[in-house]
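Asks: Enclosed is the structure file upload-v3.csv (CSV, C-alpha atoms).
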```
chain,number,residue,atom,x,y,z
A,1372,MET,CA,0.8,26.1,4.7
A,1373,LYS,CA,1.3,23.5,7.4
A,1374,LYS,CA,2.7,20.9,5.0
A,1375,THR,CA,6.4,20.9,5.3
A,1376,TRP,CA,6.5,18.4,8.2
A,1377,ILE,CA,4.9,15.5,6.4
A,1378,TRP,CA,7.1,15.0,3.4
A,1379,PRO,CA,10.4,14.2,5.2
A,1380,VAL,CA,8.4,11.7,7.2
A,1381,MET,CA,7.2,9.8,4.2
A,1382,ALA,CA,10.2,10.2,2.0
A,1383,ALA,CA,12.6,8.9,4.7
A,1384,GLY,CA,10.2,6.0,5.4
A,1385,LEU,CA,10.1,7.1,9.1
A,1386,LEU,CA,7.1,7.2,11.4
A,1387,ILE,CA,6.5,9.8,14.1
A,1388,SER,CA,4.6,8.9,17.2
A,1389,ALA,CA,1.2,10.2,17.9
A,1390,CYS,CA,0.8,12.5,20.9
A,1391,GLY,CA,-2.5,10.9,22.0
A,1392,ALA,CA,-5.0,8.3,21.1
A,1393,GLU,CA,-7.3,9.0,18.2
A,1394,THR,CA,-11.0,8.5,18.4
A,1395,SER,CA,-12.9,6.7,15.6
A,1396,GLN,CA,-15.9,8.3,13.9
A,1397,GLU,CA,-18.7,5.9,14.6
A,1398,THR,CA,-22.1,7.4,13.7
A,1399,SER,CA,-24.1,4.5,12.3
A,1400,GLU,CA,-26.4,2.3,14.3
A,1401,GLU,CA,-24.3,-0.8,13.7
A,1402,THR,CA,-21.5,-1.1,16.3
A,1403,PRO,CA,-17.9,-1.8,15.4
A,1404,GLU,CA,-18.2,-5.1,17.2
A,1405,SER,CA,-21.2,-6.3,15.1
A,1406,ALA,CA,-19.6,-5.1,11.9
A,1407,GLU,CA,-16.4,-6.9,12.6
A,1408,SER,CA,-18.3,-10.1,13.6
A,1409,THR,CA,-20.1,-10.1,10.3
A,1410,GLU,CA,-16.9,-9.4,8.4
A,1411,GLN,CA,-15.2,-12.3,10.4
A,1412,THR,CA,-17.9,-14.7,9.3
A,1413,GLU,CA,-17.7,-13.7,5.7
A,1414,ILE,CA,-14.0,-13.8,5.5
A,1415,GLN,CA,-13.4,-17.1,7.4
A,1416,THR,CA,-15.6,-18.8,4.9
A,1417,ALA,CA,-13.3,-17.8,2.0
A,1418,VAL,CA,-9.8,-18.0,3.8
A,1419,ASP,CA,-7.4,-20.6,2.5
A,1420,SER,CA,-6.5,-22.8,5.4
A,1421,GLU,CA,-3.0,-23.4,4.1
A,1422,ALA,CA,-2.3,-19.6,4.2
A,1423,MET,CA,-3.7,-19.4,7.7
A,1424,GLU,CA,-1.2,-22.1,8.8
A,1425,LEU,CA,1.6,-19.6,8.3
A,1426,GLU,CA,0.1,-17.1,10.7
A,1427,VAL,CA,0.4,-16.7,14.5
A,1428,PRO,CA,-1.4,-14.2,16.7
A,1429,PHE,CA,0.1,-10.8,16.9
A,1430,ASP,CA,-0.4,-8.2,19.7
A,1431,GLY,CA,2.4,-5.7,19.5
A,1432,THR,CA,3.7,-2.7,17.7
A,1433,MET,CA,4.8,-2.5,14.0
A,1434,ASP,CA,7.3,0.1,12.8
A,1435,HIS,CA,8.3,1.4,9.4
A,1436,VAL,CA,5.3,0.2,7.3
A,1437,HIS,CA,6.2,0.3,3.6
A,1438,GLY,CA,3.1,-1.0,1.9
A,1439,MET,CA,-0.4,-2.2,2.6
A,1440,GLY,CA,-3.0,-4.2,0.6
A,1441,TYR,CA,-5.6,-6.9,0.5
A,1442,ILE,CA,-4.8,-10.3,-0.9
A,1443,GLU,CA,-8.2,-11.3,-2.5
A,1444,GLU,CA,-7.7,-15.0,-2.2
A,1445,ASN,CA,-7.5,-15.1,1.6
A,1446,GLY,CA,-9.2,-11.9,2.6
A,1447,GLY,CA,-6.3,-10.6,4.6
A,1448,LEU,CA,-5.2,-6.9,4.8
A,1449,TYR,CA,-1.4,-7.2,4.8
A,1450,PHE,CA,1.0,-4.6,6.3
A,1451,ALA,CA,4.6,-4.8,5.1
A,1452,SER,CA,6.7,-3.8,8.1
A,1453,HIS,CA,10.3,-3.5,9.2
A,1454,GLU,CA,9.9,-6.9,10.8
A,1455,GLY,CA,7.8,-9.0,8.4
A,1456,LEU,CA,4.2,-9.1,7.4
A,1457,LYS,CA,1.3,-8.4,9.8
A,1458,VAL,CA,-2.2,-9.3,8.8
A,1459,TYR,CA,-5.6,-7.9,9.8
A,1460,ARG,CA,-8.5,-10.2,9.0
A,1461,GLY,CA,-12.0,-10.2,10.4
A,1462,GLY,CA,-11.0,-8.0,13.4
A,1463,GLU,CA,-8.0,-10.1,14.4
A,1464,TRP,CA,-4.3,-9.5,14.0
A,1465,THR,CA,-1.7,-12.2,13.0
A,1466,GLU,CA,1.8,-12.2,11.6
A,1467,ILE,CA,3.6,-14.5,9.2
A,1468,GLU,CA,5.8,-16.7,11.4
A,1469,ASP,CA,9.6,-17.0,10.7
A,1470,GLN,CA,9.5,-14.6,7.8
A,1471,TYR,CA,10.7,-11.3,9.3
A,1472,HIS,CA,12.0,-9.6,6.2
A,1473,ASP,CA,12.1,-5.8,5.9
A,1474,PHE,CA,9.8,-5.4,3.0
A,1475,MET,CA,9.9,-2.3,0.8
A,1476,GLY,CA,7.9,-1.4,-2.3
A,1477,PHE,CA,5.3,-3.9,-1.2
A,1478,ASN,CA,2.3,-4.5,-3.5
A,1479,ALA,CA,-0.5,-6.9,-2.8
A,1480,THR,CA,-2.0,-8.9,-5.7
A,1481,SER,CA,-5.1,-11.0,-6.2
A,1482,THR,CA,-3.1,-14.2,-5.3
A,1483,GLY,CA,-0.3,-12.9,-3.2
A,1484,PHE,CA,2.2,-10.0,-3.2
A,1485,VAL,CA,5.3,-8.6,-4.9
A,1486,SER,CA,7.9,-6.8,-2.9
A,1487,SER,CA,11.5,-5.6,-2.6
A,1488,GLY,CA,13.5,-4.9,0.6
A,1489,HIS,CA,16.0,-6.6,2.8
A,1490,PRO,CA,16.0,-10.2,4.1
A,1491,ASP,CA,15.8,-11.5,7.6
A,1492,MET,CA,19.4,-12.1,8.6
A,1493,GLN,CA,18.5,-15.7,9.5
A,1494,SER,CA,17.0,-16.5,6.1
A,1495,GLY,CA,20.2,-17.0,4.1
A,1496,MET,CA,18.7,-14.8,1.2
A,1497,LYS,CA,20.9,-12.3,-0.6
A,1498,ASN,CA,20.7,-8.6,0.5
A,1499,PRO,CA,18.9,-6.7,-0.9
A,1500,LEU,CA,16.0,-8.9,-2.0
A,1501,GLY,CA,15.7,-7.4,-5.5
A,1502,ILE,CA,12.1,-8.2,-6.6
A,1503,LYS,CA,10.3,-11.2,-5.1
A,1504,ARG,CA,6.8,-12.6,-5.7
A,1505,SER,CA,4.9,-14.9,-3.3
A,1506,ASP,CA,1.6,-16.6,-4.1
A,1507,ASP,CA,1.4,-18.6,-0.9
A,1508,GLY,CA,1.1,-15.8,1.7
A,1509,GLY,CA,4.9,-15.5,2.2
A,1510,GLU,CA,6.0,-19.1,2.7
A,1511,THR,CA,8.0,-19.2,-0.5
A,1512,PHE,CA,9.3,-16.6,-2.9
A,1513,GLU,CA,9.9,-16.5,-6.7
A,1514,ASP,CA,12.9,-14.3,-7.7
A,1515,LEU,CA,11.9,-11.8,-10.4
A,1516,GLY,CA,15.5,-10.4,-10.6
A,1517,PHE,CA,18.0,-8.0,-9.1
A,1518,GLU,CA,18.6,-10.1,-5.9
A,1519,GLY,CA,21.7,-8.8,-4.2
A,1520,GLU,CA,21.7,-5.7,-6.4
A,1521,THR,CA,18.8,-3.3,-5.8
A,1522,ASP,CA,16.2,-2.4,-3.2
A,1523,PHE,CA,13.2,-0.9,-5.1
A,1524,HIS,CA,11.4,1.5,-2.8
A,1525,GLU,CA,9.1,2.9,-5.5
A,1526,MET,CA,7.3,0.0,-7.3
A,1527,ALA,CA,3.8,-0.5,-8.7
A,1528,VAL,CA,2.4,-3.9,-9.6
A,1529,SER,CA,-0.8,-4.6,-11.5
A,1530,TYR,CA,-3.1,-6.5,-9.1
A,1531,ASN,CA,-4.4,-9.1,-11.6
A,1532,ASN,CA,-1.4,-9.6,-14.0
A,1533,ASN,CA,1.7,-8.9,-12.0
A,1534,ASN,CA,3.1,-6.4,-14.5
A,1535,LEU,CA,5.5,-3.8,-13.0
A,1536,PHE,CA,6.6,-0.2,-13.0
A,1537,VAL,CA,9.6,0.8,-10.9
A,1538,PHE,CA,12.0,3.5,-10.2
A,1539,ASN,CA,15.6,2.2,-10.2
A,1540,PRO,CA,17.7,4.5,-8.0
A,1541,GLN,CA,21.1,3.5,-9.6
A,1542,PRO,CA,22.3,1.3,-12.5
A,1543,ASN,CA,22.3,-2.4,-12.0
A,1544,SER,CA,23.2,-5.4,-14.2
A,1545,LYS,CA,20.1,-4.9,-16.4
A,1546,LEU,CA,18.6,-1.4,-15.8
A,1547,ALA,CA,19.9,2.1,-16.1
A,1548,ALA,CA,18.9,4.6,-13.4
A,1549,GLY,CA,15.3,5.9,-13.8
A,1550,PHE,CA,11.8,4.6,-14.5
A,1551,HIS,CA,11.2,1.2,-16.1
A,1552,ARG,CA,8.3,-1.0,-16.9
A,1553,SER,CA,7.7,-4.7,-17.5
A,1554,ASP,CA,4.7,-6.0,-19.4
A,1555,ASP,CA,5.5,-9.7,-18.8
A,1556,ALA,CA,5.7,-9.9,-15.0
A,1557,GLY,CA,9.5,-9.1,-14.8
A,1558,LYS,CA,10.9,-11.2,-17.6
A,1559,THR,CA,11.8,-8.2,-19.8
A,1560,TRP,CA,12.1,-4.5,-19.1
A,1561,GLN,CA,12.0,-1.2,-21.0
A,1562,GLN,CA,12.9,2.3,-19.8
A,1563,THR,CA,10.3,5.0,-19.8
A,1564,ALA,CA,10.7,8.8,-20.2
A,1565,ALA,CA,8.3,9.7,-17.4
A,1566,GLU,CA,7.9,13.2,-19.0
A,1567,GLY,CA,6.0,15.6,-16.8
A,1568,LEU,CA,6.5,13.7,-13.6
A,1569,ASP,CA,8.0,16.3,-11.3
A,1570,GLY,CA,9.4,16.2,-7.7
A,1571,LYS,CA,10.5,13.4,-5.5
A,1572,VAL,CA,8.2,10.4,-5.9
A,1573,ALA,CA,7.1,8.6,-2.8
A,1574,TYR,CA,4.6,6.1,-4.2
A,1575,LEU,CA,3.6,4.5,-7.5
A,1576,ALA,CA,0.3,2.8,-8.4
A,1577,MET,CA,-0.8,0.7,-11.4
A,1578,HIS,CA,-4.3,-0.1,-12.6
A,1579,PRO,CA,-5.3,-3.7,-11.7
A,1580,ASP,CA,-5.9,-4.7,-15.3
A,1581,ASP,CA,-4.7,-1.9,-17.6
A,1582,SER,CA,-0.9,-1.6,-16.9
A,1583,MET,CA,-0.7,1.4,-19.2
A,1584,MET,CA,-2.5,3.4,-16.5
A,1585,ILE,CA,-0.1,4.5,-13.7
A,1586,ALA,CA,-0.3,7.1,-11.0
A,1587,ALA,CA,2.5,8.7,-8.9
A,1588,ALA,CA,2.5,10.7,-5.6
A,1589,SER,CA,5.3,13.2,-5.2
A,1590,ASN,CA,6.1,16.3,-3.3
A,1591,GLN,CA,4.7,18.2,-6.3
A,1592,GLY,CA,1.3,16.5,-6.3
A,1593,ILE,CA,-0.5,13.6,-7.9
A,1594,PHE,CA,0.4,12.6,-11.5
A,1595,TRP,CA,-1.4,10.4,-14.0
A,1596,SER,CA,-0.1,8.4,-17.0
A,1597,GLU,CA,-2.2,6.6,-19.6
A,1598,ASP,CA,0.8,5.5,-21.8
A,1599,GLY,CA,2.7,3.2,-19.5
A,1600,GLY,CA,4.8,5.9,-17.8
A,1601,GLU,CA,6.1,7.6,-20.9
A,1602,SER,CA,4.3,10.8,-19.9
A,1603,PHE,CA,2.4,12.1,-16.9
A,1604,SER,CA,-0.1,14.9,-16.3
A,1605,ARG,CA,-0.5,16.6,-12.9
A,1606,ILE,CA,-4.0,16.3,-11.6
A,1607,THR,CA,-3.7,18.3,-8.3
A,1608,GLU,CA,-2.6,21.9,-7.5
A,1609,ASP,CA,-0.6,23.3,-4.6
A,1610,GLU,CA,-0.8,20.1,-2.6
A,1611,LEU,CA,1.7,17.4,-1.6
A,1612,GLY,CA,0.9,14.0,-3.1
A,1613,THR,CA,0.9,11.5,-0.3
A,1614,ALA,CA,-0.7,8.3,-1.6
A,1615,ALA,CA,-2.2,6.6,-4.7
A,1616,PHE,CA,-4.2,3.4,-5.3
A,1617,PHE,CA,-6.1,2.1,-8.3
A,1618,SER,CA,-9.3,0.1,-8.1
A,1619,GLU,CA,-10.9,-1.2,-11.3
A,1620,ASP,CA,-13.0,1.9,-11.8
A,1621,ALA,CA,-11.1,4.7,-10.0
A,1622,LEU,CA,-7.9,6.2,-8.7
A,1623,TYR,CA,-7.9,6.9,-5.0
A,1624,TYR,CA,-5.3,9.4,-3.9
A,1625,GLY,CA,-4.2,11.3,-0.8
A,1626,THR,CA,-2.9,14.8,-0.6
A,1627,TYR,CA,-1.8,17.3,2.2
A,1628,SER,CA,-2.0,21.1,2.3
A,1629,GLU,CA,-3.6,22.6,5.3
A,1630,ASP,CA,-5.2,19.2,6.1
A,1631,ALA,CA,-5.2,15.7,4.8
A,1632,LYS,CA,-7.5,14.7,1.9
A,1633,LEU,CA,-8.6,11.5,0.4
A,1634,VAL,CA,-10.1,11.7,-3.1
A,1635,LYS,CA,-11.8,9.2,-5.4
A,1636,ARG,CA,-11.3,10.1,-9.0
A,1637,ASP,CA,-13.2,7.9,-11.5
A,1638,LEU,CA,-11.6,7.1,-14.9
A,1639,SER,CA,-13.5,9.8,-16.6
A,1640,GLY,CA,-12.0,12.4,-14.3
A,1641,ASP,CA,-14.9,13.1,-12.0
A,1642,GLU,CA,-13.8,13.5,-8.3
A,1643,GLN,CA,-15.4,12.9,-4.9
A,1644,GLU,CA,-13.7,13.7,-1.6
A,1645,ILE,CA,-14.0,10.9,1.0
A,1646,SER,CA,-14.5,11.9,4.6
A,1647,LEU,CA,-11.5,11.0,6.8
A,1648,PRO,CA,-11.3,10.2,10.5
A,1649,ASP,CA,-10.1,12.9,12.9
A,1650,MET,CA,-6.4,13.4,11.9
A,1651,THR,CA,-4.3,16.2,13.4
A,1652,GLU,CA,-1.2,17.0,11.3
A,1653,ASP,CA,-1.3,13.6,9.8
A,1654,GLY,CA,-1.6,12.4,6.2
A,1655,VAL,CA,-2.7,9.3,4.3
A,1656,VAL,CA,0.3,7.4,2.9
A,1657,TYR,CA,-1.2,4.0,1.9
A,1658,ILE,CA,-4.7,3.2,0.6
A,1659,ALA,CA,-6.3,-0.3,0.1
A,1660,GLN,CA,-9.7,-1.5,-1.1
A,1661,TYR,CA,-11.1,-5.0,-0.6
A,1662,PRO,CA,-12.0,-6.1,-4.1
A,1663,LYS,CA,-15.0,-8.2,-3.1
A,1664,LYS,CA,-16.5,-5.2,-1.2
A,1665,PRO,CA,-15.6,-1.9,-2.9
A,1666,GLU,CA,-16.9,0.2,0.0
A,1667,GLN,CA,-14.4,-1.4,2.4
A,1668,LEU,CA,-11.4,0.9,2.4
A,1669,ALA,CA,-8.3,1.0,4.6
A,1670,ILE,CA,-5.8,3.8,5.1
A,1671,TYR,CA,-2.4,4.0,6.8
A,1672,THR,CA,-1.1,7.3,7.9
A,1673,ALA,CA,2.3,9.1,8.4
A,1674,LYS,CA,1.9,8.8,12.2
A,1675,GLY,CA,1.4,5.1,12.2
A,1676,HIS,CA,-2.3,5.0,12.5
A,1677,ALA,CA,-4.5,2.6,10.4
A,1678,TRP,CA,-8.2,2.9,9.9
A,1679,MET,CA,-10.9,0.9,8.1
A,1680,THR,CA,-14.3,1.9,6.7
A,1681,GLN,CA,-17.1,-0.5,5.6
A,1682,ASP,CA,-19.1,2.3,4.0
A,1683,ALA,CA,-16.8,4.4,1.9
A,1684,GLY,CA,-15.8,6.8,4.6
A,1685,ASP,CA,-19.1,7.4,6.5
A,1686,ASN,CA,-17.7,5.6,9.6
A,1687,TRP,CA,-14.1,4.6,10.5
A,1688,THR,CA,-12.7,2.0,12.9
A,1689,GLN,CA,-9.2,2.3,14.1
A,1690,MET,CA,-6.9,-0.8,13.6
A,1691,LEU,CA,-3.5,0.8,14.6
A,1692,ASN,CA,-2.8,3.6,17.0
A,1693,ALA,CA,0.8,4.9,16.5
A,1694,GLY,CA,1.8,1.4,15.4
A,1695,GLN,CA,0.1,-0.4,18.3
A,1696,VAL,CA,-2.5,-2.9,17.2
A,1697,GLN,CA,-6.1,-2.4,18.3
A,1698,GLN,CA,-7.9,-5.6,19.2
```
Give the structure from this file in structure tokens form.

Replies:
Amino acid sequence: MKKTWIWPVMAAGLLISACGAETSQETSEETPESAESTEQTEIQTAVDSEAMELEVPFDGTMDHVHGMGYIEENGGLYFASHEGLKVYRGGEWTEIEDQYHDFMGFNATSTGFVSSGHPDMQSGMKNPLGIKRSDDGGETFEDLGFEGETDFHEMAVSYNNNNLFVFNPQPNSKLAAGFHRSDDAGKTWQQTAAEGLDGKVAYLAMHPDDSMMIAAASNQGIFWSEDGGESFSRITEDELGTAAFFSEDALYYGTYSEDAKLVKRDLSGDEQEISLPDMTEDGVVYIAQYPKKPEQLAIYTAKGHAWMTQDAGDNWTQMLNAGQVQQ
């Protein structure tokens, strides 16, 4: 199976360049321009002007993306890159000015985001960041612990209550190595057994409301837990697990075997495969859904492409081509 190439790319957090431009699958009568115009009007009405003040236009290339998600309060699709946060909103690209941290383990929430990583050298913050939360678009940060101690690459955060599930790579002042959860937004922690979770985990996801429900993507497949990470069940066979994301009513996950797949699995276990854009030896590594419009999905791939659909996969518009923003 042609799958051995993709895992080192994801596990190392590296991106490989595309050989050529991808073409979007546009088959509906509505043009990308008209769809984006409508989206722009809807989103601008809801955007918090204070959050927008932090943003400046961005027209460049982003490398080493380690998370992607919508912040519901301001309608932005945030990409956590090696050089700060880049935002796609209503067909336009911006970046957060003067906050060029190397974000890892990034999770968007309804009001902001939670992340780990390494600080911008000019910021004066301790390295690594530990776990930080921002509810003002990245202007300020609340320390949730482990600053100067640990960089959490694998971290899941509940979208609506900020509870956490993390993999700690080595012991620190509070946590042993292994998987841990917090049911009070980082104030206290407890270790979990993670029985049944096999392989090297690349990504963790937590349900937006029920923090007992956790998913993991590893090189052994996609795994599901309903007891807060104490035990996991494998829900795929003979495929690499490449991505996982919970909406309120479903788990979206990505796999790779002969080709990339994107699947919607509802909470009862029924599954539906979602059509993907044309992807050659590429796989989905991040998935996001705009909460106010469930059919609006975004994906980011191992080769640095990003795509958006307004109709649950019938048509896709490209936002990034090998890291280069598409205007």

Asks: When distances are computed from all atoms listed in the file, which of A:Ala1693, A:Ala1615, A:Ile1645, A:Ile1585 shows the smallest separation from Ile1658 (chain A)?

Replies: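 Looking only at the distances to Ile1658 (chain A), the closest residue turns out to be A:Ala1615.
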
Asks: Identify which of the residues A:Ser1494, A:Gln1541, A:Gly1549, A:Asn1478 lies closest to Met1526 (chain A), counting only C-alpha atoms when measuring atom-to-atom distances.

Replies: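 Using only C-alpha atoms, the shortest distance to Met1526 (chain A) belongs to A:Asn1478.
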
Asks: Please, what distance in Å, to one decimal, runs between CA of Ser1553 (chain A) and CA of Val1656 (chain A)?

Replies: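 Computing it gives 24.8 Å between the two atoms.
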
Asks: Have a look at A:Val1458, A:Ala1564, A:Val1634, A:Ala1669 and name the one nearest to Val1696 (chain A); count all atoms listed in the file.

Replies: A:Val1458

Asks: Expressed in Å to a single decimal, how great is the separation between CA of Val1537 (chain A) and CA of Gly1509 (chain A)?

Replies: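 Taking CA of Val1537 (chain A) and CA of Gly1509 (chain A), their separation equals 21.4 Å.
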
Asks: Restricting the calculation to all atoms listed in the file, which member of A:Asn1531, A:Ser1596, A:Thr1482, A:Thr1680 is positioned closest to Glu1443 (chain A)?

Replies: A:Thr1482

Asks: Please measure the separation of CA of Asp1430 (chain A) and CA of Gly1447 (chain A), giving the value in Å to one decimal.

Replies: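 These two atoms are separated by 16.4 Å.
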
Asks: Using only C-alpha atoms, find the one residue out of A:Met1475, A:Leu1691, A:Leu1425, A:Met1583 that sits nearest to Gly1462 (chain A).

Replies: A:Leu1691

Asks: What lies within 10 Å of region 1515-1523 of chain A using all atoms listed in the file, ignoring chain neighbours under 5 positions off, as a PDB file with C-alpha atoms, keeping the file's coordinate frame?

Replies:
```pdb
ATOM      1  CA  PHE A1474       9.800  -5.400   3.000  1.00  0.00           C
ATOM      2  CA  MET A1475       9.900  -2.300   0.800  1.00  0.00           C
ATOM      3  CA  GLY A1476       7.900  -1.400  -2.300  1.00  0.00           C
ATOM      4  CA  PHE A1477       5.300  -3.900  -1.200  1.00  0.00           C
ATOM      5  CA  VAL A1485       5.300  -8.600  -4.900  1.00  0.00           C
ATOM      6  CA  SER A1486       7.900  -6.800  -2.900  1.00  0.00           C
ATOM      7  CA  SER A1487      11.500  -5.600  -2.600  1.00  0.00           C
ATOM      8  CA  GLY A1488      13.500  -4.900   0.600  1.00  0.00           C
ATOM      9  CA  HIS A1489      16.000  -6.600   2.800  1.00  0.00           C
ATOM     10  CA  MET A1496      18.700 -14.800   1.200  1.00  0.00           C
ATOM     11  CA  LYS A1497      20.900 -12.300  -0.600  1.00  0.00           C
ATOM     12  CA  ASN A1498      20.700  -8.600   0.500  1.00  0.00           C
ATOM     13  CA  PRO A1499      18.900  -6.700  -0.900  1.00  0.00           C
ATOM     14  CA  LEU A1500      16.000  -8.900  -2.000  1.00  0.00           C
ATOM     15  CA  GLY A1501      15.700  -7.400  -5.500  1.00  0.00           C
ATOM     16  CA  ILE A1502      12.100  -8.200  -6.600  1.00  0.00           C
ATOM     17  CA  LYS A1503      10.300 -11.200  -5.100  1.00  0.00           C
ATOM     18  CA  ARG A1504       6.800 -12.600  -5.700  1.00  0.00           C
ATOM     19  CA  VAL A1537       9.600   0.800 -10.900  1.00  0.00           C
ATOM     20  CA  PHE A1538      12.000   3.500 -10.200  1.00  0.00           C
ATOM     21  CA  ASN A1539      15.600   2.200 -10.200  1.00  0.00           C
ATOM     22  CA  PRO A1540      17.700   4.500  -8.000  1.00  0.00           C
ATOM     23  CA  GLN A1541      21.100   3.500  -9.600  1.00  0.00           C
ATOM     24  CA  PRO A1542      22.300   1.300 -12.500  1.00  0.00           C
ATOM     25  CA  ASN A1543      22.300  -2.400 -12.000  1.00  0.00           C
ATOM     26  CA  SER A1544      23.200  -5.400 -14.200  1.00  0.00           C
ATOM     27  CA  LYS A1545      20.100  -4.900 -16.400  1.00  0.00           C
ATOM     28  CA  LEU A1546      18.600  -1.400 -15.800  1.00  0.00           C
ATOM     29  CA  ALA A1556       5.700  -9.900 -15.000  1.00  0.00           C
ATOM     30  CA  GLY A1557       9.500  -9.100 -14.800  1.00  0.00           C
ATOM     31  CA  LYS A1558      10.900 -11.200 -17.600  1.00  0.00           C
TER      32      LYS A1558
END
```
